[in-house]
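What follows is the content of structure.cif (mmCIF, C-alpha atoms and all ligand atoms).
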```cif
data_input
#
loop_
_atom_site.label_atom_id
_atom_site.label_comp_id
_atom_site.auth_asym_id
_atom_site.auth_seq_id
_atom_site.Cartn_x
_atom_site.Cartn_y
_atom_site.Cartn_z
CA PHE A 12 -5.46 -3.69 24.21
CA ASP A 13 -8.09 -1.26 25.46
CA SER A 14 -5.63 1.48 26.36
CA LEU A 15 -3.96 1.48 22.93
CA LYS A 16 -4.69 4.26 20.47
CA GLY A 17 -4.30 4.73 16.74
CA ARG A 18 -4.21 2.13 14.00
CA GLY A 19 -1.68 -0.03 12.28
CA VAL A 20 1.72 -1.25 13.42
CA TRP A 21 2.58 1.72 15.69
CA ARG A 22 -0.61 1.31 17.68
CA TYR A 23 1.41 -1.40 19.43
CA GLN A 24 4.55 0.67 20.01
CA ARG A 25 4.60 -0.23 23.70
CA MET A 26 5.06 -3.87 22.68
CA ILE A 27 7.70 -3.14 20.00
CA ALA A 28 11.26 -3.37 21.30
CA GLY A 29 13.76 -0.60 20.57
CA GLU A 30 13.98 3.17 20.89
CA TYR A 31 13.14 5.33 17.89
CA LYS A 32 14.21 8.93 17.49
CA LYS A 33 12.24 9.08 14.27
CA ILE A 34 9.44 6.91 12.91
CA VAL A 35 9.17 6.26 9.18
CA SER A 36 5.62 5.16 8.45
CA ILE A 37 3.28 4.95 5.44
CA ASN A 38 0.29 3.83 7.59
CA GLU A 39 1.05 0.11 7.31
CA GLY A 40 -0.80 -2.63 9.18
CA GLY A 41 -4.40 -2.53 10.37
CA THR A 42 -5.25 -4.89 7.51
CA PRO A 43 -8.67 -6.53 7.22
CA LEU A 44 -9.35 -9.96 8.66
CA ILE A 45 -11.84 -11.28 6.14
CA ARG A 46 -14.16 -14.08 7.15
CA SER A 47 -14.70 -16.78 4.55
CA CYS A 48 -18.16 -16.91 2.99
CA ASN A 49 -17.91 -19.91 0.73
CA ILE A 50 -14.94 -22.10 1.67
CA ASN A 51 -15.48 -22.51 5.42
CA LYS A 52 -17.06 -19.99 7.79
CA ASN A 53 -14.45 -20.76 10.45
CA MET A 54 -11.66 -19.71 8.15
CA TYR A 55 -10.39 -16.13 8.19
CA MET A 56 -8.01 -14.43 5.77
CA LYS A 57 -5.56 -11.82 7.06
CA TYR A 58 -5.30 -9.71 3.93
CA GLU A 59 -1.77 -8.31 4.00
CA GLY A 60 -2.05 -7.39 0.33
CA VAL A 61 -3.65 -4.07 1.26
CA ASN A 62 -0.52 -2.75 2.96
CA PRO A 63 1.05 0.35 1.30
CA THR A 64 3.30 -1.65 -1.03
CA GLY A 65 1.01 -4.67 -1.18
CA SER A 66 2.63 -7.12 1.24
CA PHE A 67 3.26 -7.84 4.94
CA LYS A 68 6.84 -6.67 4.45
CA ASP A 69 5.70 -3.10 5.14
CA ARG A 70 5.11 -3.99 8.80
CA GLY A 71 8.71 -5.02 9.21
CA MET A 72 10.07 -2.25 7.05
CA THR A 73 8.48 0.59 9.02
CA VAL A 74 10.27 -0.62 12.15
CA ALA A 75 13.58 -1.54 10.50
CA VAL A 76 13.88 1.71 8.53
CA SER A 77 12.91 3.69 11.63
CA SER A 78 15.74 1.90 13.43
CA ALA A 79 18.13 2.65 10.54
CA VAL A 80 17.42 6.39 10.56
CA SER A 81 17.36 6.53 14.37
CA ASN A 82 20.90 5.13 14.23
CA ASN A 83 21.91 7.70 11.59
CA TYR A 84 22.30 5.30 8.67
CA LYS A 85 21.99 6.96 5.27
CA THR A 86 22.03 3.76 3.19
CA VAL A 87 20.08 0.49 3.38
CA ILE A 88 20.31 -2.78 1.48
CA ALA A 89 18.14 -5.87 1.05
CA ALA A 90 18.26 -9.12 -0.89
CA SER A 91 14.80 -10.07 -2.05
CA THR A 92 12.49 -12.24 -4.10
CA GLY A 93 10.61 -8.98 -4.78
CA ASN A 94 8.37 -7.91 -1.94
CA THR A 95 11.07 -6.97 0.53
CA ALA A 96 12.68 -4.98 -2.28
CA ALA A 97 9.51 -3.01 -3.04
CA ALA A 98 8.98 -2.28 0.66
CA ALA A 99 12.62 -1.37 1.28
CA ALA A 100 12.63 0.99 -1.69
CA ALA A 101 9.39 2.70 -0.60
CA TYR A 102 10.39 3.16 3.05
CA ALA A 103 13.88 4.36 2.11
CA SER A 104 12.26 6.94 -0.19
CA ARG A 105 9.96 7.99 2.62
CA ALA A 106 12.97 8.38 4.94
CA GLY A 107 14.97 10.26 2.33
CA ILE A 108 17.83 7.77 2.38
CA LYS A 109 19.49 5.67 -0.31
CA SER A 110 18.61 2.02 -0.96
CA PHE A 111 20.18 -0.87 -2.83
CA ILE A 112 18.35 -4.09 -3.57
CA VAL A 113 19.74 -7.39 -4.77
CA LEU A 114 17.41 -9.60 -6.81
CA PRO A 115 17.60 -13.01 -8.50
CA LYS A 116 17.64 -12.08 -12.19
CA GLY A 117 14.57 -13.17 -14.15
CA LYS A 118 12.81 -14.61 -11.09
CA VAL A 119 11.01 -11.61 -9.66
CA ALA A 120 7.30 -11.15 -10.39
CA LEU A 121 6.59 -8.25 -12.72
CA GLY A 122 4.57 -6.11 -10.30
CA LYS A 123 7.32 -6.22 -7.69
CA LEU A 124 10.06 -5.33 -10.13
CA ALA A 125 7.96 -2.46 -11.46
CA GLN A 126 7.44 -1.18 -7.91
CA SER A 127 11.17 -1.19 -7.21
CA ILE A 128 11.73 0.78 -10.39
CA LEU A 129 9.02 3.28 -9.50
CA TYR A 130 10.13 3.86 -5.90
CA GLY A 131 13.58 4.62 -7.20
CA THR A 132 16.20 2.28 -5.81
CA THR A 133 19.40 0.87 -7.25
CA ILE A 134 18.50 -2.58 -8.55
CA MET A 135 21.29 -5.15 -8.66
CA GLU A 136 20.52 -8.50 -10.25
CA VAL A 137 22.48 -11.68 -9.66
CA GLU A 138 22.51 -14.95 -11.59
CA GLY A 139 21.04 -17.76 -9.51
CA SER A 140 18.41 -17.86 -6.78
CA PHE A 141 17.53 -15.55 -3.90
CA ASP A 142 20.04 -17.47 -1.80
CA VAL A 143 22.93 -16.08 -3.87
CA ALA A 144 21.60 -12.55 -3.34
CA MET A 145 21.13 -13.18 0.38
CA GLY A 146 24.65 -14.58 0.76
CA ALA A 147 26.09 -11.49 -0.87
CA VAL A 148 24.19 -9.15 1.44
CA MET A 149 25.14 -11.09 4.59
CA LYS A 150 28.82 -10.90 3.67
CA LEU A 151 28.63 -7.27 2.66
CA TYR A 152 27.02 -6.00 5.81
CA LYS A 153 29.62 -7.73 7.97
CA ASP A 154 32.47 -6.17 5.97
CA LEU A 155 30.95 -2.80 5.23
CA LYS A 156 29.41 -1.08 8.24
CA VAL A 157 27.98 1.88 6.34
CA VAL A 158 24.98 0.00 4.95
CA TYR A 159 22.08 -1.10 7.08
CA PRO A 160 20.65 -4.54 6.18
CA LEU A 161 16.87 -4.84 5.86
CA ASN A 162 16.54 -8.62 5.58
CA SER A 163 14.67 -10.66 8.14
CA PHE A 164 17.78 -11.60 10.12
CA ASN A 165 17.40 -7.98 11.22
CA PRO A 166 15.40 -8.36 14.47
CA TRP A 167 13.49 -5.08 14.00
CA ARG A 168 11.79 -6.46 10.92
CA LEU A 169 10.32 -9.24 13.01
CA GLU A 170 9.23 -6.76 15.71
CA GLY A 171 7.01 -5.10 13.13
CA GLN A 172 5.71 -8.31 11.63
CA LYS A 173 4.65 -9.73 15.00
CA THR A 174 1.84 -7.15 15.09
CA ILE A 175 -0.10 -9.47 12.76
CA ALA A 176 -0.69 -11.64 15.87
CA PHE A 177 -1.86 -8.64 17.91
CA GLU A 178 -4.38 -7.54 15.28
CA ILE A 179 -5.82 -11.04 14.87
CA THR A 180 -6.20 -11.42 18.64
CA GLU A 181 -7.89 -8.06 19.05
CA GLU A 182 -10.41 -8.97 16.39
CA ILE A 183 -11.31 -12.63 17.01
CA GLY A 184 -9.31 -13.73 20.05
CA VAL A 185 -6.66 -16.45 19.75
CA PRO A 186 -7.47 -18.76 16.83
CA ASP A 187 -6.85 -22.53 16.93
CA ALA A 188 -4.35 -22.44 14.09
CA VAL A 189 -2.56 -19.93 11.88
CA ILE A 190 -1.32 -20.97 8.44
CA VAL A 191 1.68 -19.10 7.02
CA PRO A 192 3.58 -19.49 3.74
CA VAL A 193 7.26 -19.99 4.51
CA GLY A 194 10.23 -18.80 2.48
CA ASN A 195 13.15 -17.35 4.39
CA ALA A 196 11.12 -18.27 7.47
CA GLY A 197 11.09 -14.98 9.37
CA ASN A 198 7.38 -14.32 9.28
CA ILE A 199 6.11 -17.52 10.87
CA TYR A 200 8.51 -16.92 13.74
CA ALA A 201 7.49 -13.27 14.06
CA ILE A 202 3.79 -14.13 14.26
CA TRP A 203 4.45 -16.89 16.80
CA LYS A 204 6.53 -14.42 18.83
CA GLY A 205 3.59 -12.01 18.83
CA PHE A 206 1.19 -14.63 20.19
CA THR A 207 3.77 -15.77 22.75
CA GLU A 208 4.29 -12.25 24.05
CA LEU A 209 0.57 -11.82 24.60
CA VAL A 210 0.57 -14.91 26.81
CA LYS A 211 3.63 -13.64 28.71
CA ALA A 212 1.92 -10.28 29.22
CA GLY A 213 -1.13 -12.06 30.63
CA VAL A 214 -3.39 -10.79 27.86
CA THR A 215 -4.19 -14.27 26.47
CA GLU A 216 -3.87 -17.84 27.70
CA LYS A 217 -2.85 -19.88 24.68
CA ILE A 218 -1.03 -19.73 21.38
CA PRO A 219 -2.37 -21.06 18.08
CA ARG A 220 -0.79 -24.03 16.30
CA MET A 221 1.55 -22.50 13.75
CA ILE A 222 1.32 -24.31 10.41
CA GLY A 223 4.03 -23.44 7.88
CA VAL A 224 3.55 -24.15 4.18
CA GLN A 225 6.34 -24.48 1.63
CA ALA A 226 6.22 -25.05 -2.13
CA GLU A 227 7.34 -28.49 -3.24
CA GLY A 228 10.40 -27.31 -5.16
CA ALA A 229 11.56 -25.08 -2.31
CA SER A 230 10.73 -26.96 0.87
CA PRO A 231 13.88 -27.68 2.89
CA ILE A 232 12.31 -26.84 6.26
CA ALA A 233 9.06 -28.71 5.66
CA LYS A 234 10.91 -31.80 4.44
CA ALA A 235 13.22 -31.78 7.46
CA PHE A 236 10.23 -31.40 9.75
CA ILE A 237 8.31 -34.22 8.11
CA GLU A 238 11.33 -36.54 8.19
CA GLY A 239 12.01 -35.64 11.81
CA SER A 240 15.56 -34.55 11.04
CA GLN A 241 17.27 -31.90 13.13
CA SER A 242 18.32 -29.63 10.28
CA PRO A 243 17.18 -29.00 6.69
CA LEU A 244 18.94 -30.24 3.59
CA PHE A 245 19.40 -27.04 1.63
CA THR A 246 18.83 -26.99 -2.11
CA ASP A 247 20.83 -25.02 -4.68
CA ASN A 248 18.08 -25.05 -7.27
CA PRO A 249 14.77 -24.07 -5.70
CA GLU A 250 11.88 -23.89 -8.18
CA THR A 251 8.21 -22.93 -7.84
CA VAL A 252 5.59 -20.65 -9.42
CA ALA A 253 5.42 -18.96 -6.05
CA THR A 254 8.56 -16.92 -6.73
CA ALA A 255 8.23 -15.06 -3.40
CA ILE A 256 9.13 -18.27 -1.56
CA ARG A 257 11.54 -19.70 -4.12
CA ILE A 258 14.27 -20.09 -1.50
CA GLY A 259 16.61 -23.05 -1.02
CA LYS A 260 18.54 -21.94 2.06
CA PRO A 261 16.22 -20.15 4.48
CA VAL A 262 18.34 -18.20 6.94
CA ASN A 263 15.73 -18.28 9.71
CA TRP A 264 15.08 -22.03 9.59
CA ARG A 265 15.94 -22.58 13.26
CA LYS A 266 13.47 -19.94 14.33
CA ALA A 267 10.73 -21.43 12.14
CA MET A 268 11.32 -24.93 13.55
CA LYS A 269 11.08 -23.51 17.06
CA ALA A 270 7.80 -21.70 16.35
CA VAL A 271 6.25 -24.79 14.80
CA ARG A 272 7.45 -27.24 17.47
CA GLU A 273 6.63 -25.10 20.49
CA SER A 274 3.15 -24.32 19.21
CA ARG A 275 2.52 -28.02 18.40
CA GLY A 276 1.97 -27.06 14.80
CA THR A 277 3.38 -28.62 11.68
CA MET A 278 4.92 -27.95 8.28
CA LEU A 279 3.28 -28.89 4.98
CA VAL A 280 4.43 -29.17 1.39
CA VAL A 281 2.11 -28.11 -1.46
CA SER A 282 2.60 -28.45 -5.22
CA ASP A 283 2.53 -25.62 -7.74
CA ASN A 284 -0.78 -26.92 -9.09
CA GLU A 285 -2.28 -26.87 -5.61
CA ILE A 286 -1.02 -23.31 -5.16
CA LEU A 287 -2.54 -22.10 -8.44
CA LYS A 288 -5.86 -23.83 -7.71
CA ALA A 289 -5.92 -22.21 -4.27
CA GLN A 290 -5.19 -18.82 -5.85
CA ARG A 291 -8.22 -19.22 -8.11
CA ASP A 292 -10.40 -20.42 -5.24
CA LEU A 293 -9.51 -17.36 -3.16
CA ALA A 294 -10.42 -15.12 -6.07
CA ARG A 295 -13.44 -17.01 -7.38
CA LYS A 296 -15.02 -18.26 -4.14
CA GLU A 297 -14.10 -15.41 -1.80
CA GLY A 298 -13.35 -12.44 -4.04
CA VAL A 299 -9.90 -12.11 -2.51
CA GLY A 300 -6.85 -11.64 -4.75
CA ALA A 301 -3.56 -13.05 -3.46
CA GLU A 302 -0.25 -13.78 -5.12
CA PRO A 303 0.81 -17.44 -5.49
CA ALA A 304 3.04 -17.59 -2.39
CA SER A 305 0.16 -16.28 -0.29
CA SER A 306 -2.25 -18.75 -1.85
CA ALA A 307 -0.04 -21.53 -0.49
CA SER A 308 -1.82 -20.79 2.80
CA LEU A 309 -5.13 -21.98 1.36
CA ALA A 310 -3.50 -24.95 -0.36
CA GLY A 311 -2.06 -25.80 3.05
CA TYR A 312 -5.46 -25.38 4.72
CA TYR A 313 -7.06 -27.85 2.30
CA LYS A 314 -4.27 -30.32 3.00
CA ALA A 315 -4.49 -29.81 6.75
CA LEU A 316 -8.26 -30.46 6.66
CA ASP A 317 -7.70 -33.57 4.56
CA ARG A 318 -5.12 -34.94 6.98
CA LYS A 319 -7.11 -33.93 10.06
CA ILE A 320 -4.36 -31.59 11.18
CA VAL A 321 -7.12 -29.01 11.53
CA TYR A 322 -10.88 -29.62 11.77
CA PRO A 323 -13.67 -27.78 9.95
CA ASP A 324 -15.07 -26.40 13.21
CA GLU A 325 -11.75 -24.91 14.30
CA LYS A 326 -11.02 -21.22 13.95
CA VAL A 327 -8.19 -20.97 11.44
CA VAL A 328 -6.47 -17.85 10.09
CA LEU A 329 -4.66 -17.88 6.74
CA ILE A 330 -1.99 -15.22 6.30
CA LEU A 331 -2.43 -13.87 2.77
CA THR A 332 0.97 -12.25 2.60
CA GLY A 333 0.85 -10.38 -0.73
CA HIS A 334 -1.60 -8.90 -3.25
CA SER A 335 -2.55 -10.67 -6.49
CA LEU A 336 -1.45 -7.61 -8.52
CA LYS A 337 2.14 -8.33 -7.52
CA ASP A 338 2.26 -11.14 -10.05
CA PRO A 339 0.16 -10.45 -13.15
CA GLU A 340 1.63 -13.41 -15.01
CA SER A 341 0.36 -15.92 -12.48
CA MET A 342 -3.13 -14.39 -12.60
CA GLY A 343 -3.09 -14.67 -16.36
CA LYS A 344 -2.46 -18.42 -16.12
CA ALA A 345 -5.94 -19.09 -14.73
CA GLU A 346 -8.26 -20.62 -17.30
CA THR A 347 -11.10 -18.33 -18.30
CA LYS A 348 -13.53 -17.53 -21.05
CA ARG A 349 -12.25 -14.67 -23.17
CA ILE A 350 -14.01 -13.97 -26.42
CA LEU A 351 -13.27 -11.54 -29.24
CA ILE A 352 -16.77 -10.55 -30.22
CA ASN A 353 -18.86 -8.54 -32.61
CA PRO A 354 -21.02 -6.41 -30.27
CA SER A 355 -24.22 -7.68 -31.83
CA PHE A 356 -23.48 -11.19 -30.50
CA ILE A 357 -23.09 -10.21 -26.85
CA GLU A 358 -26.75 -10.74 -25.99
CA LYS A 359 -26.77 -14.14 -27.62
CA ILE A 360 -23.73 -15.32 -25.67
CA ILE A 361 -25.15 -14.08 -22.38
CA LEU A 362 -28.46 -15.82 -22.92
CA GLU A 363 -26.68 -19.03 -23.89
CA GLU A 364 -24.49 -18.97 -20.79
CA VAL A 365 -27.31 -18.05 -18.43
CA ASN A 366 -29.51 -20.86 -19.80
CA GLU A 367 -26.58 -23.27 -19.59
CA ASN A 368 -26.08 -22.40 -15.92
CA ASP A 369 -29.80 -22.62 -15.15
CA GLY A 370 -30.14 -25.96 -16.90
N1 LIG B 401 4.75 -14.56 1.15
C1 LIG B 401 5.23 -13.56 0.40
C2 LIG B 401 4.31 -12.86 -0.51
C3 LIG B 401 6.61 -13.21 0.49
O1 LIG B 401 7.07 -12.21 -0.25
C4 LIG B 401 7.44 -13.92 1.38
C5 LIG B 401 8.86 -13.61 1.47
C6 LIG B 401 6.87 -14.95 2.14
C7 LIG B 401 5.52 -15.23 2.01
C8 LIG B 401 7.67 -15.75 3.11
O2 LIG B 401 8.02 -15.05 4.25
O3 LIG B 401 10.47 -15.27 4.10
O4 LIG B 401 9.37 -14.59 6.21
O5 LIG B 401 9.16 -16.92 5.39
N2 LIG B 401 9.45 -12.81 0.69
C9 LIG B 401 10.84 -12.38 0.85
C10 LIG B 401 11.14 -11.21 -0.09
C11 LIG B 401 11.84 -13.46 0.80
O6 LIG B 401 12.30 -11.00 -0.44
O7 LIG B 401 10.21 -10.50 -0.44
P1 LIG B 401 9.33 -15.46 5.04
#
```
Give the structure from the file, written as structure tokens.
Ligand code: F0G
Amino acid sequence: FDSLKGRGVWRYQRMIAGEYKKIVSINEGGTPLIRSCNINKNMYMKYEGVNPTGSFKDRGMTVAVSSAVSNNYKTVIAASTGNTAAAAAAYASRAGIKSFIVLPKGKVALGKLAQSILYGTTIMEVEGSFDVAMGAVMKLYKDLKVVYPLNSFNPWRLEGQKTIAFEITEEIGVPDAVIVPVGNAGNIYAIWKGFTELVKAGVTEKIPRMIGVQAEGASPIAKAFIEGSQSPLFTDNPETVATAIRIGKPVNWRKAMKAVRESRGTMLVVSDNEILKAQRDLARKEGVGAEPASSASLAGYYKALDRKIVYPDEKVVLILTGHSLKDPESMGKAETKRILINPSFIEKIILEEVNENDG
């Protein structure tokens, strides 16, 4: 690592496969690794929410869009639950090329939809889940060679995302476990690949246990893993508050299984209530705002501690994949005190609350 210069994803260009005639970057990566103060001092949060469009997708998009323009593509397309769409739209704008995104109608968090509108892409909405959108894009790119697909079956996306492993290692060495929310299942594989390449390069000696977390209503990989079956039973009707990972037919499931098995990790299922509680804990105990899908990492950490899959004295990194502002509706669901007040009563309320807390 010592000989590398710069910051962010392209600091690791020597470890990123592919040749690039042009690099399309908005200074993604180089995100903070925040140490927990109040939940467990051995827990760290990789805060991907501070990427240019607010999620880890920017790491993959800088590489994939660079590959697209280096290969003279003028048009890109992505199916998305929202974050990939926002990132694809932003990086296509930056590259000066056209983008199309395919979204599940009515199931994309408000912040993400607003971003796609702002960055100026063509938004196409389909009835049904992300899986319908994904199926359409897979078919299209095989038939129509003029559009470049930006989904995570595109290997360049994963090349960018693996830099999460490099940054963590540079900062705290190799942790004991890394907990990742799993949807289409590209990211957990990408991060595992990053750690594996460091071992192969002789930089490190071990890889962390990769722990994947899925939401109860969208957990085909986790269920297959728990039941010990070879392949997941896909679902046509995935449902969860964590709309980012509301996916019934993850295309990268084989890769995710490999990452989890070879690292001696595991897969966990968490409920929507556990996700929302974890989201509040991140915000209210650590001051860190994450969207629901990302908060599944903390819900998974609690469960892993409970089941002695990880121990309190182990160094564990949670990947907080997207910013809380992505999903204002989920934030608004948290219970809070909110009072319409005549200004002359403010002092009284404060004194009451302070005394209540002291007593
Ligand atoms: N967390 C967030 C915030 C996401 O947006 C996603 C995926 C994941 C976790 C899961 O990552 O798919 O690699 O397992 N979002 C995709 C999208 C599907 O379209 O934005 P994965």
*So which residues touch Asn82 (chain A) within 10 Å, counting all atoms listed in the file, skipping near sequence neighbours fewer than 6 positions away, as a list in words?*
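Here the qualifying residues turn out to be Glu30, Tyr31, Lys32, Lys33, Val76 and Tyr159 of chain A.
A distance cut-off of 7 Å from ligand LIG 401 (chain B), applied to all atoms listed in the file, picks out the residues Ser66, Ala90, Ser91, Thr92, Gly93, Asn94, Thr95, Ala96, Ser163, Pro192, Val193, Gly194, Asn195, Ala196, Gly197, Asn198, Ile199, Ala255, Ile256, Glu302, Ala304, Ser305, Thr332 and Gly333 of chain A.
If you look at CA of Glu367 (chain A) and CA of Arg295 (chain A), they are 19.0 Å away from each other.
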Compile a residue-level contact table for region 43-152 of chain A against region 238-254 of chain A at a cut-off of 7 Å, reporting for every qualifying residue the shortest atom pair and its distance in Å to one decimal, with all atoms listed in the file counted, rows ordered by chain and ascending number, as a tab-separated table.
```
residue	atom	partner	partner_atom	distance
A:Thr92	CA	A:Thr254	CA	6.7
A:Lys118	CA	A:Thr254	CA	6.5
A:Val119	CA	A:Thr254	CA	6.5
A:Ala120	CA	A:Thr254	CA	6.9
```
_Residue nearest Ser140 (chain A) - candidates A:Ile258, A:Val280, A:Val271, A:Val214, atoms counted: only C-alpha atoms_ = A:Ile258
Kindly add N, CA and C atoms to the incomplete region 140-161 of chain A and provide the output as a CSV table (one decimal), in the frame of the given file.
```csv
chain,number,residue,atom,x,y,z
A,140,SER,N,19.6,-18.1,-7.6
A,140,SER,CA,18.4,-17.9,-6.8
A,140,SER,C,18.6,-16.7,-5.8
A,141,PHE,N,17.5,-16.5,-5.0
A,141,PHE,CA,17.5,-15.6,-3.9
A,141,PHE,C,18.7,-15.8,-2.9
A,142,ASP,N,19.0,-17.1,-2.8
A,142,ASP,CA,20.0,-17.5,-1.8
A,142,ASP,C,21.4,-16.9,-2.1
A,143,VAL,N,21.7,-16.7,-3.4
A,143,VAL,CA,22.9,-16.1,-3.9
A,143,VAL,C,22.9,-14.6,-3.5
A,144,ALA,N,21.8,-14.0,-3.7
A,144,ALA,CA,21.6,-12.6,-3.3
A,144,ALA,C,21.7,-12.4,-1.8
A,145,MET,N,21.1,-13.3,-1.1
A,145,MET,CA,21.1,-13.2,0.4
A,145,MET,C,22.6,-13.4,0.9
A,146,GLY,N,23.3,-14.3,0.3
A,146,GLY,CA,24.6,-14.6,0.8
A,146,GLY,C,25.5,-13.3,0.6
A,147,ALA,N,25.3,-12.7,-0.6
A,147,ALA,CA,26.1,-11.5,-0.9
A,147,ALA,C,25.8,-10.4,0.1
A,148,VAL,N,24.5,-10.2,0.5
A,148,VAL,CA,24.2,-9.2,1.4
A,148,VAL,C,24.7,-9.5,2.8
A,149,MET,N,24.6,-10.7,3.3
A,149,MET,CA,25.1,-11.1,4.6
A,149,MET,C,26.6,-10.8,4.7
A,150,LYS,N,27.4,-11.1,3.6
A,150,LYS,CA,28.8,-10.9,3.7
A,150,LYS,C,29.1,-9.4,3.7
A,151,LEU,N,28.4,-8.7,2.8
A,151,LEU,CA,28.6,-7.3,2.7
A,151,LEU,C,28.4,-6.5,4.0
A,152,TYR,N,27.3,-6.8,4.6
A,152,TYR,CA,27.0,-6.0,5.8
A,152,TYR,C,28.0,-6.3,6.9
A,153,LYS,N,28.6,-7.5,7.0
A,153,LYS,CA,29.6,-7.7,8.0
A,153,LYS,C,30.9,-6.9,7.7
A,154,ASP,N,31.2,-6.9,6.4
A,154,ASP,CA,32.5,-6.2,6.0
A,154,ASP,C,32.3,-4.7,6.0
A,155,LEU,N,31.1,-4.2,5.5
A,155,LEU,CA,31.0,-2.8,5.2
A,155,LEU,C,29.9,-2.2,6.2
A,156,LYS,N,30.3,-1.5,7.2
A,156,LYS,CA,29.4,-1.1,8.2
A,156,LYS,C,28.5,0.1,7.9
A,157,VAL,N,28.8,0.7,6.7
A,157,VAL,CA,28.0,1.9,6.3
A,157,VAL,C,26.6,1.6,5.8
A,158,VAL,N,26.3,0.3,5.4
A,158,VAL,CA,25.0,0.0,5.0
A,158,VAL,C,24.2,-0.8,6.0
A,159,TYR,N,22.9,-0.5,6.1
A,159,TYR,CA,22.1,-1.1,7.1
A,159,TYR,C,21.3,-2.2,6.4
A,160,PRO,N,21.3,-3.4,6.9
A,160,PRO,CA,20.6,-4.5,6.2
A,160,PRO,C,19.2,-4.6,6.6
A,161,LEU,N,18.3,-4.8,5.6
A,161,LEU,CA,16.9,-4.8,5.9
A,161,LEU,C,16.3,-6.2,5.7
```
